[in-house]
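What follows is a set of notes on a single structure, which appears directly below.
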Protein chains: 2
Amino acid sequence: MAKQVKIKDIAKMAGVSAGTVDRILHNRGNVSAASQAAVERVLAETGYRYNIHTSAVSLKRTYKVIIAIPTARKGEYWGNIQSGIEHAMEEYSDVNIEYEYAYYNQFDIFSCRNSFAAIPDMDPSAVIIGATFVSETMILCEKLDQKGIPYIFVDAVIEGTHPAATYSSDQHKCGRIVGRLLNLFTPRDAELAVFGSRRIGNERASNSLARMAGLTEYFQGLNYRRTIKESKISVLEPEESRKDILQFLQDNPAVKGIAVLNSRGYILADILSANAIRDIRIICFDLTENNTRCIQDGTLSAIICQRPELQGFHAIKATIRTLLYNIQEKNRHHLMPADIIIKENLPMYKDIYAE
Amino acid sequence: MAKQVKIKDIAKMAGVSAGTVDRILHNRGNVSAASQAAVERVLAETGYRYNIHTSAVSLKRTYKVIIAIPTARKGEYWGNIQSGIEHAMEEYSDVNIEYEYAYYNQFDIFSCRNSFAAIPDMDPSAVIIGATFVSETMILCEKLDQKGIPYIFVDAVIEGTHPAATYSSDQHKCGRIVGRLLNLFTPRDAELAVFGSRRIGNERASNSLARMAGLTEYFQGLNYRRTIKESKISVLEPEESRKDILQFLQDNPAVKGIAVLNSRGYILADILSANAIRDIRIICFDLTENNTRCIQDGTLSAIICQRPELQGFHAIKATIRTLLYNIQEKNRHHLMPADIIIKENLPMYKDIYAE
DNA sequence: CTGTTAGCGCATTCAC
DNA sequence: GTGAATGCGCTAACAG
């Protein structure tokens with residue numbers, strides 16, 4: 001509870017006026033090298049940080065943050081990220097920050113391309129990016145890099161970019177967790193299966209791949225072997241997908257545990273219950289409304305949840321830090337924990353918000 | 001992003017001056033009934049909330065929060081609650097809030113009694129209570145009620161008190177979770193055991209009891225029966241406890257899964273590994289340093305964690321809300337989720353803090 | 001009882 | 001280039 005240093009104190013210590021300190025703090029220029037050096041030394045010594053809230057009162061400019069994420073409904077994964085974002089915006093409503101969405105359809109690469117193309121001209125102070133399509137995201141980031149506009153990733157991190165911060169989960173570790181849970185939920189002699197997404201190149205494919213690698217690694221680390229089959233679910237052709245899945249199960253009657261490496265576990269769960277198949281355990285990702293329902297009625301055994309609200313919430317906090325204190329943070333990559341959700345602890349997660 | 005209403009706007013709308021609005025906002029008195037009514041109506045209509053940060057700039061008084069919790073080291077349960085508290089205090093350092101600890105020894109009822117007795121005379125604006133001993137806590141709360149000092153519970157909620165907010169977990173549900181995990185980790189024909197604390201009346205006994213009830217209920221709900229033995233661990237007499245435990249295991253060789261209903265699972269784990277007993281699965285509570293170590297080396301199978309940092313963090317936020325906006329919140333009881341931590345997701349939880 | 005004024009930490013504007 | 005002056009939302013002290 002040491003008394004906070006004020007801008008006037010800094011000015012006095014450096015032998016200049018408050019105005020000069022302010023010019024340096026927000027590098028507005030028009031400062032002599034001598035003053036610059038003197039003030040910066042005092043700034044470093046004291047570790048001074050101005051009060052963003054009182055600053056906001058007199059600050060004229062307002063920052064505009066573009067949120068580039070897929071469209072989603074309330075209870076879905078991206079909807080939860082959005083909730084966290086809006087929650088944080090509300091909490092920091094006294095800071096002069098506006099935001100605007102640049103939505104895109106996560107199943108449509110052209111929609112993403114269009115949406116992202118418009119962003120650099122929206123005059124953003126910063127951009128929060130929920131990346132789905134790798135090359136589209138890289139193109140956007142390159143433009144932002146050129147303009148010196150900071151960007152922050154949620155959910156996934158795209159290699160080769162220069163984000164100011166990232167909030168995501170270690171998908172490889174998530175894959176290991178799924179492996180362990182499958183192992184727990186099924187007898188050792190049962191066969192297992194992994195379901196990915198049908199389409200490649202889009203839809204957080206990199207996440208799915210990392211999860212797959214982790215899962216595979218987990219089973220390789222065991223001192224015994226388990227049989228693991230592979231198949232896919234197609235969201236776009238549900239009827240065909242349904243037939244494929246039933247055929248797969250008929251062909252592989254020994255499969256008693258299935259990992260779905262995305263949020264569509266409920267689709268599989270619904271198909272199984274519609275066909276009165278009750279002895280197959282399913283694990284998938286993301287605490288969406290549909291998955292919640294299936295956990296409750298027991299058709300889904302576990303969900304891995306990566307705290308989307310918290311990701312959104314933190315992304316805004318990081319944005320504010322980046323824009324207001326213009327310092328580079330040492331640890332830019334923040335990993336969310338992977339919560340294991342089963343029927344017994346599900347109710348405790350339902351009302352919990354970001355912060 | 002609707003433009004915020006300011007105190008001057010309220011004054012204009014109600015036909016009074018800003019000074020009068022301020023007097024009403026902080027019920028400082030010296031206001032006519034007519035003005036009071038007019039302003040309150042506008043306040044309600046607009047849903048106005050003053051900016052606590054700019055307020056703090058001109059506010060003379062400073063609030064003093066007493067933190068009444070058990071002493072603990074950094075990595076322990078109460079240490080984590082304390083981290084959350086200090087983290088929040090740092091984040092809100094611009095608001096005029098001071099804090100002071102009123103520590104007590106969670107194993108010594110007299111220490112608690114002494115510590116709590118001094119609190120009402122410390123001139124607190126609010127008190128955050130980590131309750132261990134029920135009657136001592138009730139006595140304190142009664143005094144605080146009389147003085148009109150708000151208090152907030154973390155970790156446990158004591159019945160018959162009137163807290164402004166509570167942050168805890170549903171211990172009964174936690175017990176069910178432990179039951180489910182025990183069931184998953186052990187073969188159906190194995191016997192199970194539950195270890196509580198030796199001393200009664202203290203040490204979050206109410207938490208342990210609720211956990212026990214939930215666990216029992218879980219096993220009663222199964223359509224088959226499992227044998228569950230009971231025993232205790234004594235922290236105060238470790239050597240004797242060690243012998244008791246080994247004796248217990250010798251007497252009950254069929255026991256292959258043990259639930260420890262508090263944070264001392266590592267004690268049991270250490271005893272088992274010292275005696276080269278490897279086929280017993282242990283589950284306990286709280287992500288302390290010792291338990292972390294045992295999860296890592298595999299001697300502990302799972303931990304239930306109730307986000308102590310988050311509890312502490314939220315307790316401070318609630319304190320600030322209570323003191324600064326003096327409104328009663330509808331939902332005073334906030335339940336933390338119970339995270340299931342196993343070897344595979346442990347590393348993801350290690351660095352995560354409150355917010 | 002009430003409106004006015006000064007001042008908090010800060011950003012901005014404007015003389016110098 | 002720089003300091004002094006003004007205003008932001010708010011509280012506090014003062015005069016009526």
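Order determines the names: the first chain of the structure tokens is A, the second B, and so forth; residues in each chain are numbered 1 upward, and ligands are numbered 1 upward as they are shown.
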Which residues are near segment 4-12 of chain D? Cut-off 7 Å, only C-alpha atoms (C1' of nucleotides), ignore same chain within fewer than 3 positions. Put them as JSON, numbers by chain.
{"A": [57, 58], "B": [54, 55, 58, 59]}
Would you mind exporting N, CA and C atoms of the selected residues as a PDB file, in the first residue's frame?
ATOM      1  N   VAL A  57     -10.883  10.222 -18.432  1.00  0.00           N
ATOM      2  CA  VAL A  57     -11.781  11.359 -18.225  1.00  0.00           C
ATOM      3  C   VAL A  57     -11.399  12.530 -19.117  1.00  0.00           C
ATOM      4  N   SER A  58     -10.113  12.777 -19.210  1.00  0.00           N
ATOM      5  CA  SER A  58      -9.694  13.954 -19.969  1.00  0.00           C
ATOM      6  C   SER A  58      -9.235  13.607 -21.386  1.00  0.00           C
TER       7      SER A  58
ATOM      8  N   THR B  54     -12.919   7.837 -10.754  1.00  0.00           N
ATOM      9  CA  THR B  54     -12.806   9.299 -10.650  1.00  0.00           C
ATOM     10  C   THR B  54     -13.285   9.741  -9.276  1.00  0.00           C
ATOM     11  N   SER B  55     -14.228   8.993  -8.749  1.00  0.00           N
ATOM     12  CA  SER B  55     -14.678   9.279  -7.393  1.00  0.00           C
ATOM     13  C   SER B  55     -13.513   9.179  -6.416  1.00  0.00           C
ATOM     14  N   SER B  58     -11.136  12.200  -5.745  1.00  0.00           N
ATOM     15  CA  SER B  58     -11.475  13.314  -4.848  1.00  0.00           C
ATOM     16  C   SER B  58     -11.965  12.858  -3.485  1.00  0.00           C
ATOM     17  N   LEU B  59     -12.216  11.573  -3.381  1.00  0.00           N
ATOM     18  CA  LEU B  59     -12.710  11.046  -2.109  1.00  0.00           C
ATOM     19  C   LEU B  59     -11.640  11.144  -1.034  1.00  0.00           C
TER      20      LEU B  59
END
Do me a favour and pick out the residues of chain B within 12 Å of chain D, using only C-alpha atoms (C1' of nucleotides), as a PyMOL selection string.
chain B and resi 4-9+18-23+25-26+28+49-61
With 9 Å as the cut-off and only C-alpha atoms counted, what is the closest atom pair between each nearby residue of chain A and chain B? Distances in Å to one decimal, ordered by chain and number, as a Markdown table.
| residue | atom | partner | partner_atom | distance |
| --- | --- | --- | --- | --- |
| A:Met1 | CA | B:Glu98 | CA | 7.0 |
| A:Gln4 | CA | B:Asp94 | CA | 8.5 |
| A:Asn51 | CA | B:Asp94 | CA | 7.2 |
| A:His53 | CA | B:His53 | CA | 6.0 |
| A:Thr54 | CA | B:Thr54 | CA | 5.8 |
| A:Val57 | CA | B:Thr54 | CA | 7.9 |
| A:Glu90 | CA | B:Met1 | CA | 8.9 |
| A:Ser93 | CA | B:Met1 | CA | 8.1 |
| A:Asp94 | CA | B:Asn51 | CA | 7.2 |
| A:Ile97 | CA | B:Met1 | CA | 8.9 |
| A:Glu98 | CA | B:Met1 | CA | 6.9 |
| A:Tyr99 | CA | B:Met1 | CA | 8.4 |
| A:Ser169 | CA | B:Met348 | CA | 8.3 |
| A:Asp170 | CA | B:Met348 | CA | 8.0 |
| A:Lys173 | CA | B:Glu344 | CA | 6.9 |
| A:Cys174 | CA | B:Asn345 | CA | 7.5 |
| A:Arg176 | CA | B:Glu344 | CA | 6.5 |
| A:Ile177 | CA | B:Glu344 | CA | 5.4 |
| A:Arg180 | CA | B:Glu344 | CA | 7.6 |
| A:Leu184 | CA | B:Leu184 | CA | 6.3 |
| A:Phe185 | CA | B:Leu184 | CA | 6.9 |
| A:Leu310 | CA | B:Glu355 | CA | 8.1 |
| A:Phe313 | CA | B:Glu355 | CA | 9.0 |
| A:His314 | CA | B:Glu355 | CA | 8.0 |
| A:His334 | CA | B:Ile352 | CA | 8.9 |
| A:Leu335 | CA | B:Met348 | CA | 7.0 |
| A:Met336 | CA | B:Met348 | CA | 6.7 |
| A:Pro337 | CA | B:Met348 | CA | 4.6 |
| A:Ala338 | CA | B:Asn345 | CA | 6.4 |
| A:Asp339 | CA | B:Asp339 | CA | 6.3 |
| A:Ile340 | CA | B:Ile340 | CA | 6.0 |
| A:Ile341 | CA | B:Ile340 | CA | 7.8 |
| A:Ile342 | CA | B:Ile177 | CA | 8.6 |
| A:Lys343 | CA | B:Ile177 | CA | 8.7 |
| A:Glu344 | CA | B:Ile177 | CA | 5.4 |
| A:Asn345 | CA | B:Ala338 | CA | 6.4 |
| A:Leu346 | CA | B:Pro337 | CA | 8.4 |
| A:Pro347 | CA | B:Pro337 | CA | 8.3 |
| A:Met348 | CA | B:Pro337 | CA | 4.6 |
| A:Tyr349 | CA | B:Pro337 | CA | 5.5 |
| A:Lys350 | CA | B:Pro337 | CA | 8.8 |
| A:Asp351 | CA | B:Leu335 | CA | 8.6 |
| A:Ile352 | CA | B:Met336 | CA | 7.4 |
| A:Ala354 | CA | B:Glu355 | CA | 7.9 |
| A:Glu355 | CA | B:Glu355 | CA | 5.4 |
Considering only C-alpha atoms (C1' of nucleotides), give me a table of residues in chain C that are at most 10 Å from chain B, with the closest atom pair and distance in Å for each, as JSON lines.
{"residue": "C:DC1", "atom": "C1'", "partner": "B:Asn30", "partner_atom": "CA", "distance": 5.8}
{"residue": "C:DT2", "atom": "C1'", "partner": "B:Thr20", "partner_atom": "CA", "distance": 7.2}
{"residue": "C:DG3", "atom": "C1'", "partner": "B:Ser17", "partner_atom": "CA", "distance": 6.3}
{"residue": "C:DT4", "atom": "C1'", "partner": "B:Gly19", "partner_atom": "CA", "distance": 9.0}
{"residue": "C:DG7", "atom": "C1'", "partner": "B:Ser58", "partner_atom": "CA", "distance": 7.7}
{"residue": "C:DC8", "atom": "C1'", "partner": "B:Ser58", "partner_atom": "CA", "distance": 4.8}
{"residue": "C:DG9", "atom": "C1'", "partner": "B:Val57", "partner_atom": "CA", "distance": 7.0}
DSSP on the backbone, alpha helix (DSSP H) only: what residues of segment 84-275 of chain B does that give? Format it as number ranges by chain.
B: 84-91, 109-118, 134-147, 171-185, 205-221, 238-251, 265-274
